[in-house]
$ cat model06.cif   # mmCIF, C-alpha atoms and all ligand atoms
data_run
loop_
_atom_site.label_atom_id
_atom_site.label_comp_id
_atom_site.auth_asym_id
_atom_site.auth_seq_id
_atom_site.Cartn_x
_atom_site.Cartn_y
_atom_site.Cartn_z
CA MET A 1 -17.47 53.98 5.56
CA ALA A 2 -19.06 57.22 6.66
CA GLY A 3 -22.36 56.36 8.28
CA GLU A 4 -25.71 57.93 8.89
CA HIS A 5 -24.77 58.42 12.56
CA SER A 6 -21.22 59.67 12.07
CA ARG A 7 -20.04 62.93 13.62
CA SER A 8 -20.45 65.95 11.39
CA LEU A 9 -17.61 67.65 9.53
CA GLY A 10 -17.10 71.31 10.33
CA LYS A 11 -14.79 74.23 9.50
CA GLY A 12 -11.17 73.15 9.11
CA SER A 13 -12.07 69.59 8.08
CA THR A 14 -10.67 68.03 4.93
CA ALA A 15 -13.09 67.54 2.05
CA PRO A 16 -13.83 63.85 1.48
CA GLY A 17 -12.19 62.21 -1.54
CA ALA A 18 -13.85 60.52 -4.49
CA VAL A 19 -17.07 58.61 -3.89
CA PRO A 20 -16.27 54.90 -3.44
CA GLU A 21 -17.17 52.49 -6.25
CA GLY A 22 -20.75 51.23 -6.09
CA LEU A 23 -21.97 53.99 -3.77
CA ILE A 24 -23.64 57.35 -3.99
CA ARG A 25 -22.78 59.94 -1.33
CA LEU A 26 -25.24 62.01 0.63
CA TYR A 27 -24.19 65.17 2.47
CA SER A 28 -26.68 65.33 5.28
CA MET A 29 -27.45 66.37 8.83
CA ARG A 30 -29.00 63.80 11.17
CA PHE A 31 -32.02 65.89 12.13
CA CYS A 32 -32.74 67.72 8.86
CA PRO A 33 -36.23 67.04 7.47
CA PHE A 34 -35.16 67.94 3.92
CA ALA A 35 -32.24 65.49 4.02
CA GLN A 36 -34.60 62.90 5.49
CA ARG A 37 -36.57 63.08 2.24
CA THR A 38 -33.48 61.91 0.37
CA ARG A 39 -32.68 59.25 3.00
CA LEU A 40 -36.24 57.92 2.69
CA VAL A 41 -35.91 57.58 -1.08
CA LEU A 42 -32.43 55.99 -0.83
CA ARG A 43 -33.85 53.41 1.59
CA ALA A 44 -37.11 52.82 -0.27
CA LYS A 45 -35.20 52.07 -3.46
CA GLY A 46 -32.53 49.98 -1.76
CA ILE A 47 -29.68 52.15 -3.07
CA SER A 48 -26.20 51.66 -1.53
CA TYR A 49 -25.01 54.98 -0.13
CA GLU A 50 -22.65 56.63 2.29
CA VAL A 51 -23.43 59.65 4.43
CA ILE A 52 -21.21 62.60 5.28
CA ASN A 53 -22.84 64.69 7.97
CA ILE A 54 -22.21 68.43 7.86
CA ASN A 55 -22.07 70.71 10.88
CA LEU A 56 -24.59 73.31 9.73
CA LYS A 57 -23.64 75.67 12.55
CA ASN A 58 -19.96 75.55 11.59
CA LYS A 59 -19.88 74.67 7.88
CA PRO A 60 -16.62 73.66 6.20
CA ASP A 61 -15.61 76.11 3.45
CA TRP A 62 -15.37 73.23 0.97
CA PHE A 63 -19.07 72.46 1.43
CA PHE A 64 -19.98 75.53 -0.67
CA GLU A 65 -18.26 73.82 -3.61
CA LYS A 66 -20.77 70.98 -3.21
CA ASN A 67 -23.78 73.30 -2.98
CA PRO A 68 -23.49 77.07 -3.53
CA PHE A 69 -26.44 77.59 -1.13
CA GLY A 70 -24.57 75.72 1.62
CA LEU A 71 -27.61 73.58 2.44
CA VAL A 72 -28.11 69.85 2.90
CA PRO A 73 -29.10 67.51 1.30
CA VAL A 74 -26.57 67.16 -1.52
CA LEU A 75 -25.87 64.01 -3.51
CA GLU A 76 -22.48 63.30 -5.08
CA THR A 77 -21.96 60.55 -7.63
CA ARG A 78 -18.88 58.49 -8.37
CA LYS A 79 -18.34 60.73 -11.45
CA GLY A 80 -18.30 63.79 -9.17
CA GLN A 81 -21.75 65.02 -10.27
CA LEU A 82 -23.48 67.11 -7.59
CA ILE A 83 -27.24 67.30 -7.07
CA TYR A 84 -28.91 69.56 -4.49
CA GLU A 85 -32.41 70.74 -3.42
CA SER A 86 -34.30 67.87 -1.81
CA PRO A 87 -37.07 67.33 -4.41
CA ILE A 88 -34.43 67.34 -7.18
CA THR A 89 -32.26 64.81 -5.30
CA CYS A 90 -35.29 62.53 -4.85
CA ASP A 91 -36.41 62.76 -8.48
CA TYR A 92 -32.83 62.10 -9.57
CA LEU A 93 -32.63 58.93 -7.46
CA ASP A 94 -36.00 57.73 -8.73
CA GLU A 95 -34.96 58.25 -12.34
CA ALA A 96 -31.32 57.16 -12.17
CA PHE A 97 -31.77 53.94 -10.20
CA PRO A 98 -33.71 50.79 -11.03
CA GLY A 99 -36.32 49.23 -8.77
CA LYS A 100 -39.65 50.48 -7.57
CA LYS A 101 -40.61 53.82 -9.18
CA LEU A 102 -41.80 56.23 -6.53
CA MET A 103 -43.19 58.78 -8.99
CA PRO A 104 -46.32 57.63 -10.85
CA SER A 105 -46.08 57.19 -14.62
CA ASP A 106 -49.43 58.85 -15.35
CA PRO A 107 -48.83 62.52 -16.37
CA TYR A 108 -51.75 63.89 -14.34
CA GLU A 109 -50.69 61.94 -11.24
CA ARG A 110 -47.16 63.28 -11.62
CA ALA A 111 -48.52 66.82 -11.93
CA PHE A 112 -50.74 66.20 -8.88
CA GLN A 113 -47.75 65.17 -6.78
CA LYS A 114 -45.77 68.22 -7.87
CA MET A 115 -48.68 70.58 -7.14
CA LEU A 116 -49.15 69.06 -3.69
CA LEU A 117 -45.44 69.45 -2.98
CA GLU A 118 -45.66 73.10 -4.03
CA ARG A 119 -48.54 73.62 -1.61
CA PHE A 120 -46.67 71.80 1.14
CA SER A 121 -43.63 74.03 0.61
CA LYS A 122 -45.77 76.90 1.96
CA ILE A 123 -46.24 74.97 5.22
CA THR A 124 -42.63 74.11 6.10
CA PRO A 125 -41.50 77.71 6.84
CA ILE A 126 -44.36 78.05 9.39
CA PHE A 127 -42.77 75.24 11.44
CA PHE A 128 -39.54 77.21 11.68
CA LYS A 129 -41.33 80.48 12.55
CA TYR A 130 -43.35 78.58 15.12
CA SER A 131 -40.39 76.93 16.85
CA ALA A 132 -38.42 80.19 16.95
CA ALA A 133 -41.43 81.94 18.54
CA LEU A 134 -41.83 79.09 21.02
CA LYS A 135 -38.18 79.38 22.03
CA ASP A 136 -38.50 83.14 22.56
CA GLY A 137 -41.53 82.56 24.78
CA GLN A 138 -43.80 84.43 22.33
CA ASP A 139 -47.48 83.69 21.79
CA THR A 140 -47.70 80.98 19.11
CA THR A 141 -51.50 80.91 18.67
CA ALA A 142 -51.35 82.49 15.20
CA GLN A 143 -48.74 80.06 13.84
CA LYS A 144 -50.59 77.12 15.38
CA ALA A 145 -53.82 78.21 13.69
CA GLU A 146 -51.98 78.61 10.38
CA VAL A 147 -50.56 75.07 10.57
CA THR A 148 -53.98 73.64 11.52
CA GLU A 149 -55.66 75.46 8.63
CA LYS A 150 -53.07 74.30 6.09
CA LEU A 151 -53.11 70.70 7.33
CA GLY A 152 -56.92 70.85 7.14
CA LYS A 153 -56.54 71.41 3.37
CA LEU A 154 -54.39 68.29 3.12
CA GLU A 155 -57.08 66.40 5.02
CA GLU A 156 -59.64 67.54 2.43
CA ILE A 157 -57.40 66.40 -0.42
CA LEU A 158 -56.89 62.97 1.13
CA SER A 159 -60.64 62.66 1.80
CA LYS A 160 -61.44 63.47 -1.82
CA ARG A 161 -58.92 60.93 -3.08
CA ASN A 162 -60.33 58.33 -0.69
CA THR A 163 -57.05 56.40 -0.56
CA THR A 164 -54.74 55.65 2.36
CA PHE A 165 -51.75 57.45 0.83
CA PHE A 166 -51.64 60.62 -1.25
CA GLY A 167 -50.75 58.78 -4.45
CA GLY A 168 -53.04 55.74 -3.96
CA ASP A 169 -53.03 52.65 -1.79
CA SER A 170 -49.26 52.34 -1.49
CA VAL A 171 -46.55 54.80 -0.47
CA SER A 172 -45.25 56.99 -3.28
CA MET A 173 -42.93 59.99 -3.67
CA ILE A 174 -45.26 62.67 -2.27
CA ASP A 175 -45.78 60.73 0.98
CA TYR A 176 -42.03 60.65 1.55
CA MET A 177 -41.70 64.36 0.65
CA ILE A 178 -44.12 65.47 3.37
CA TRP A 179 -43.53 62.79 6.02
CA PRO A 180 -40.54 64.36 7.88
CA TRP A 181 -42.70 67.27 9.12
CA PHE A 182 -45.43 64.94 10.35
CA GLU A 183 -42.84 62.90 12.21
CA ARG A 184 -41.87 66.13 14.02
CA LEU A 185 -45.42 67.29 14.88
CA GLU A 186 -45.20 65.94 18.41
CA ALA A 187 -41.78 67.48 19.02
CA PHE A 188 -43.16 70.81 17.77
CA GLU A 189 -46.14 70.33 20.12
CA LEU A 190 -48.45 70.53 17.13
CA MET A 191 -50.25 67.18 17.32
CA ASP A 192 -53.46 69.08 18.18
CA SER A 193 -53.48 70.34 14.60
CA LEU A 194 -54.61 66.87 13.55
CA SER A 195 -57.43 66.50 16.08
CA ARG A 196 -60.02 67.05 13.34
CA ALA A 197 -58.05 65.29 10.61
CA PRO A 198 -58.84 61.55 10.91
CA LYS A 199 -57.63 60.76 7.37
CA LEU A 200 -54.23 62.30 8.10
CA GLN A 201 -54.05 60.44 11.40
CA HIS A 202 -54.77 57.19 9.57
CA TRP A 203 -52.16 58.08 6.93
CA MET A 204 -49.59 58.70 9.68
CA GLU A 205 -50.26 55.30 11.22
CA ALA A 206 -49.84 53.65 7.81
CA MET A 207 -46.63 55.58 7.14
CA LYS A 208 -45.14 54.41 10.46
CA LYS A 209 -45.31 50.84 9.13
CA ASP A 210 -43.17 51.67 6.08
CA PRO A 211 -39.62 50.22 6.42
CA ALA A 212 -37.92 53.36 5.05
CA VAL A 213 -39.87 55.53 7.50
CA GLN A 214 -38.96 53.21 10.36
CA ALA A 215 -35.28 53.25 9.39
CA THR A 216 -35.03 57.06 9.36
CA MET A 217 -37.20 57.87 12.38
CA THR A 218 -35.89 60.06 15.23
CA ASP A 219 -37.66 59.86 18.58
CA THR A 220 -39.50 62.95 19.77
CA GLN A 221 -37.37 63.69 22.84
CA THR A 222 -34.10 63.42 20.90
CA PHE A 223 -35.44 65.80 18.26
CA LYS A 224 -36.64 68.25 20.92
CA ASN A 225 -33.22 68.25 22.58
CA PHE A 226 -31.52 68.78 19.23
CA LEU A 227 -33.88 71.63 18.35
CA GLN A 228 -33.18 73.48 21.58
CA LEU A 229 -29.45 73.40 20.84
CA TYR A 230 -29.93 74.28 17.16
CA LEU A 231 -32.08 77.30 17.96
CA LYS A 232 -29.35 78.48 20.35
CA ASN A 233 -26.83 78.12 17.49
CA SER A 234 -24.85 75.57 19.48
CA LEU A 235 -21.90 74.13 17.55
CA GLU A 236 -22.75 70.77 19.15
CA ALA A 237 -26.39 70.68 17.95
CA CYS A 238 -25.81 68.57 14.82
CA ASP A 239 -23.89 65.95 16.84
CA TYR A 240 -26.41 65.80 19.67
CA GLY A 241 -26.51 62.31 21.26
CA LEU A 242 -23.32 60.96 19.62
N1 LIG A 301 -34.79 74.02 -0.23
C1 LIG A 301 -33.82 73.18 0.40
C2 LIG A 301 -33.86 73.41 1.90
C3 LIG A 301 -32.78 72.62 2.64
C4 LIG A 301 -32.50 73.20 4.03
O1 LIG A 301 -33.02 74.27 4.40
N2 LIG A 301 -31.66 72.48 4.80
C5 LIG A 301 -31.27 73.02 6.10
C6 LIG A 301 -31.19 71.95 7.17
S1 LIG A 301 -32.74 71.30 7.63
C7 LIG A 301 -29.87 73.59 5.98
O2 LIG A 301 -29.02 73.07 5.27
N3 LIG A 301 -29.62 74.68 6.73
C8 LIG A 301 -28.35 75.31 6.79
C9 LIG A 301 -28.46 76.79 6.72
O3 LIG A 301 -29.59 77.30 6.72
O4 LIG A 301 -27.43 77.46 6.67
C10 LIG A 301 -34.10 71.71 0.05
O5 LIG A 301 -35.26 71.38 -0.20
O6 LIG A 301 -33.14 70.93 -0.04
#

$ encode --input "model06.cif" --output "structure tokens" --more "lines below"
Ligand SMILES: N[C@@H](CCC(=O)N[C@@H](CS)C(=O)NCC(=O)O)C(=O)O
Amino acid sequence: MAGEHSRSLGKGSTAPGAVPEGLIRLYSMRFCPFAQRTRLVLRAKGISYEVININLKNKPDWFFEKNPFGLVPVLETRKGQLIYESPITCDYLDEAFPGKKLMPSDPYERAFQKMLLERFSKITPIFFKYSAALKDGQDTTAQKAEVTEKLGKLEEILSKRNTTFFGGDSVSMIDYMIWPWFERLEAFELMDSLSRAPKLQHWMEAMKKDPAVQATMTDTQTFKNFLQLYLKNSLEACDYGL
């Protein structure tokens, strides 16, 4: 069975066949924060899945038949249904599979989680701008300040809620949606951004105890090494460490 740590498929590879009985398939990349969202939800809900890693620097032509944007994550069901865009994959899993519901049932709470995700989606591109600038040896003060300011807003929200997690006192969907970027703060050398955010620091500590978070965690040095290769467009980046 294709595993989470299998080598990625690149140009010239054969498209995998039908999804095996009893499994759902995830097209992923080991270091992708968006695909990590889906992996977190698969784990949290105890869903049986297989992973096909894609070489994002040398994509197989067939991958565009799975997702016209050519991005991971993508889910594929036994019936051949394809689901892409990380929040959509996560909502699908939460709705299609039994077990613990990660989205709240209260309509306002659901809207709250979606609004927060929308706000967070304005933060993720700054990380990419920041790491590209860092690689080129440019001054990153402006991007750093932008991340700190935006994370400060999340700190305010968490303070107002007065709960450990964003959806209450246990982990819910929104925590998993934003976690992958917090896990990478140290690798991005952005931990300072949280120096005046004690609630977020406390939330991070609580998240690190979650079994799904623990199962999908990449250590800082490994991620840094990957990132260096990825930013250089190395064909080996996605298989770093295998
Ligand atoms: N909006 C997409 C973003 C996914 C995304 O950007 N994935 C990256 C990897 S972290 C990717 O597939 N990059 C390949 C490329 O840019 O060609 C989602 O939420 O799923």

$ residues_near_ligand --input "model06.cif" --ligand "ligand LIG 301 (chain A)" --cutoff "6 Å" --atoms "all atoms listed in the file" --output "PDB file with C-alpha atoms, in the frame of the given file"
ATOM      1  CA  CYS A  32     -32.740  67.720   8.860  1.00  0.00           C
ATOM      2  CA  PRO A  33     -36.230  67.040   7.470  1.00  0.00           C
ATOM      3  CA  PHE A  34     -35.160  67.940   3.920  1.00  0.00           C
ATOM      4  CA  LEU A  56     -24.590  73.310   9.730  1.00  0.00           C
ATOM      5  CA  LEU A  71     -27.610  73.580   2.440  1.00  0.00           C
ATOM      6  CA  VAL A  72     -28.110  69.850   2.900  1.00  0.00           C
ATOM      7  CA  PRO A  73     -29.100  67.510   1.300  1.00  0.00           C
ATOM      8  CA  GLU A  85     -32.410  70.740  -3.420  1.00  0.00           C
ATOM      9  CA  SER A  86     -34.300  67.870  -1.810  1.00  0.00           C
TER      10      SER A  86
END

$ atom_distance --input "model06.cif" --atom1 "CA of Asp61 (chain A)" --atom2 "CA of Pro87 (chain A)"
24.5 Å

$ closest_residue --input "model06.cif" --among "A:Ile54, A:Leu117, A:Met217, A:Leu227" --to "Leu40 (chain A)" --atoms "all atoms listed in the file"
A:Met217

$ closest_residue --input "model06.cif" --among "A:Ser234, A:Ser105, A:Thr216, A:Thr38" --to "Ile88 (chain A)" --atoms "only C-alpha atoms"
A:Thr38

$ atom_distance --input "model06.cif" --atom1 "CA of Gly10 (chain A)" --atom2 "CA of Phe64 (chain A)"
12.1 Å

$ closest_atom_pairs --input "model06.cif" --of "region 82-194 of chain A" --to "region 211-215 of chain A" --cutoff "12 Å" --atoms "all atoms listed in the file" --output "CSV"
residue,atom,partner,partner_atom,distance
A:Val171,CA,A:Ala212,CA,10.3
A:Ser172,CA,A:Ala212,CA,11.7
A:Asp175,CA,A:Val213,CA,10.2
A:Tyr176,CA,A:Val213,CA,8.1
A:Met177,CA,A:Val213,CA,11.3
A:Ile178,CA,A:Val213,CA,11.6
A:Trp179,CA,A:Val213,CA,8.3
A:Pro180,CA,A:Val213,CA,8.9
A:Phe182,CA,A:Val213,CA,11.3
A:Glu183,CA,A:Val213,CA,9.2

$ axis_aligned_box --input "model06.cif" --around "region 172-177 of chain A" --padding-each-side "4 Å" --output "JSON"
{"center_x": -43.7, "center_y": 60.7, "center_z": -1.1, "size_x": 12.1, "size_y": 15.4, "size_z": 13.2}

$ closest_residue --input "model06.cif" --among "A:Leu200, A:Ile126, A:Val51, A:Ala111" --to "Asn162 (chain A)" --atoms "all atoms listed in the file"
A:Leu200

$ residues_around --input "model06.cif" --residues "Pro98 (chain A)" --least-positions-apart "5" --cutoff "12 Å" --atoms "only C-alpha atoms" --output "ChimeraX atom specification"
/A:42,44-47,92-93

$ atom_distance --input "model06.cif" --atom1 "CA of Ser193 (chain A)" --atom2 "CA of Ala145 (chain A)"
7.9 Å

$ closest_residue --input "model06.cif" --among "A:Ser121, A:Thr220, A:Ser131, A:Thr77" --to "Gly22 (chain A)" --atoms "all atoms listed in the file"
A:Thr77

$ residues_around --input "model06.cif" --residues "Gln228 (chain A)" --least-positions-apart "4" --cutoff "8 Å" --atoms "only C-alpha atoms" --output "list in words"
Lys135, Lys224 and Lys232 of chain A

$ closest_residue --input "model06.cif" --among "A:Met115, A:Leu185, A:Lys129, A:Gln81" --to "Thr148 (chain A)" --atoms "all atoms listed in the file"
A:Leu185

$ closest_residue --input "model06.cif" --among "A:Thr89, A:Asp136, A:Leu116, A:Leu235" --to "Arg37 (chain A)" --atoms "all atoms listed in the file"
A:Thr89

$ residues_around --input "model06.cif" --residues "Pro60 (chain A)" --least-positions-apart "2" --cutoff "7 Å" --atoms "all atoms listed in the file" --output "short mmCIF file (atom, residue, chain, number, x, y, z; two decimals) with C-alpha atoms, keeping the file's coordinate frame"
data_model
loop_
_atom_site.label_atom_id
_atom_site.label_comp_id
_atom_site.auth_asym_id
_atom_site.auth_seq_id
_atom_site.Cartn_x
_atom_site.Cartn_y
_atom_site.Cartn_z
CA LEU A 9 -17.61 67.65 9.53
CA GLY A 10 -17.10 71.31 10.33
CA LYS A 11 -14.79 74.23 9.50
CA GLY A 12 -11.17 73.15 9.11
CA SER A 13 -12.07 69.59 8.08
CA ASN A 58 -19.96 75.55 11.59
CA TRP A 62 -15.37 73.23 0.97
CA PHE A 63 -19.07 72.46 1.43
#

$ residues_near_point --input "model06.cif" --point "(-23.3, 62.3, -5.3)" --cutoff "10 Å" --atoms "all atoms listed in the file" --output "short mmCIF file (atom, residue, chain, number, x, y, z; two decimals) with C-alpha atoms, keeping the file's coordinate frame"
data_model
loop_
_atom_site.label_atom_id
_atom_site.label_comp_id
_atom_site.auth_asym_id
_atom_site.auth_seq_id
_atom_site.Cartn_x
_atom_site.Cartn_y
_atom_site.Cartn_z
CA ALA A 18 -13.85 60.52 -4.49
CA VAL A 19 -17.07 58.61 -3.89
CA LEU A 23 -21.97 53.99 -3.77
CA ILE A 24 -23.64 57.35 -3.99
CA ARG A 25 -22.78 59.94 -1.33
CA LEU A 26 -25.24 62.01 0.63
CA TYR A 27 -24.19 65.17 2.47
CA TYR A 49 -25.01 54.98 -0.13
CA GLU A 50 -22.65 56.63 2.29
CA LYS A 66 -20.77 70.98 -3.21
CA VAL A 74 -26.57 67.16 -1.52
CA LEU A 75 -25.87 64.01 -3.51
CA GLU A 76 -22.48 63.30 -5.08
CA THR A 77 -21.96 60.55 -7.63
CA ARG A 78 -18.88 58.49 -8.37
CA LYS A 79 -18.34 60.73 -11.45
CA GLY A 80 -18.30 63.79 -9.17
CA GLN A 81 -21.75 65.02 -10.27
CA LEU A 82 -23.48 67.11 -7.59
CA ILE A 83 -27.24 67.30 -7.07
CA TYR A 84 -28.91 69.56 -4.49
CA THR A 89 -32.26 64.81 -5.30
#
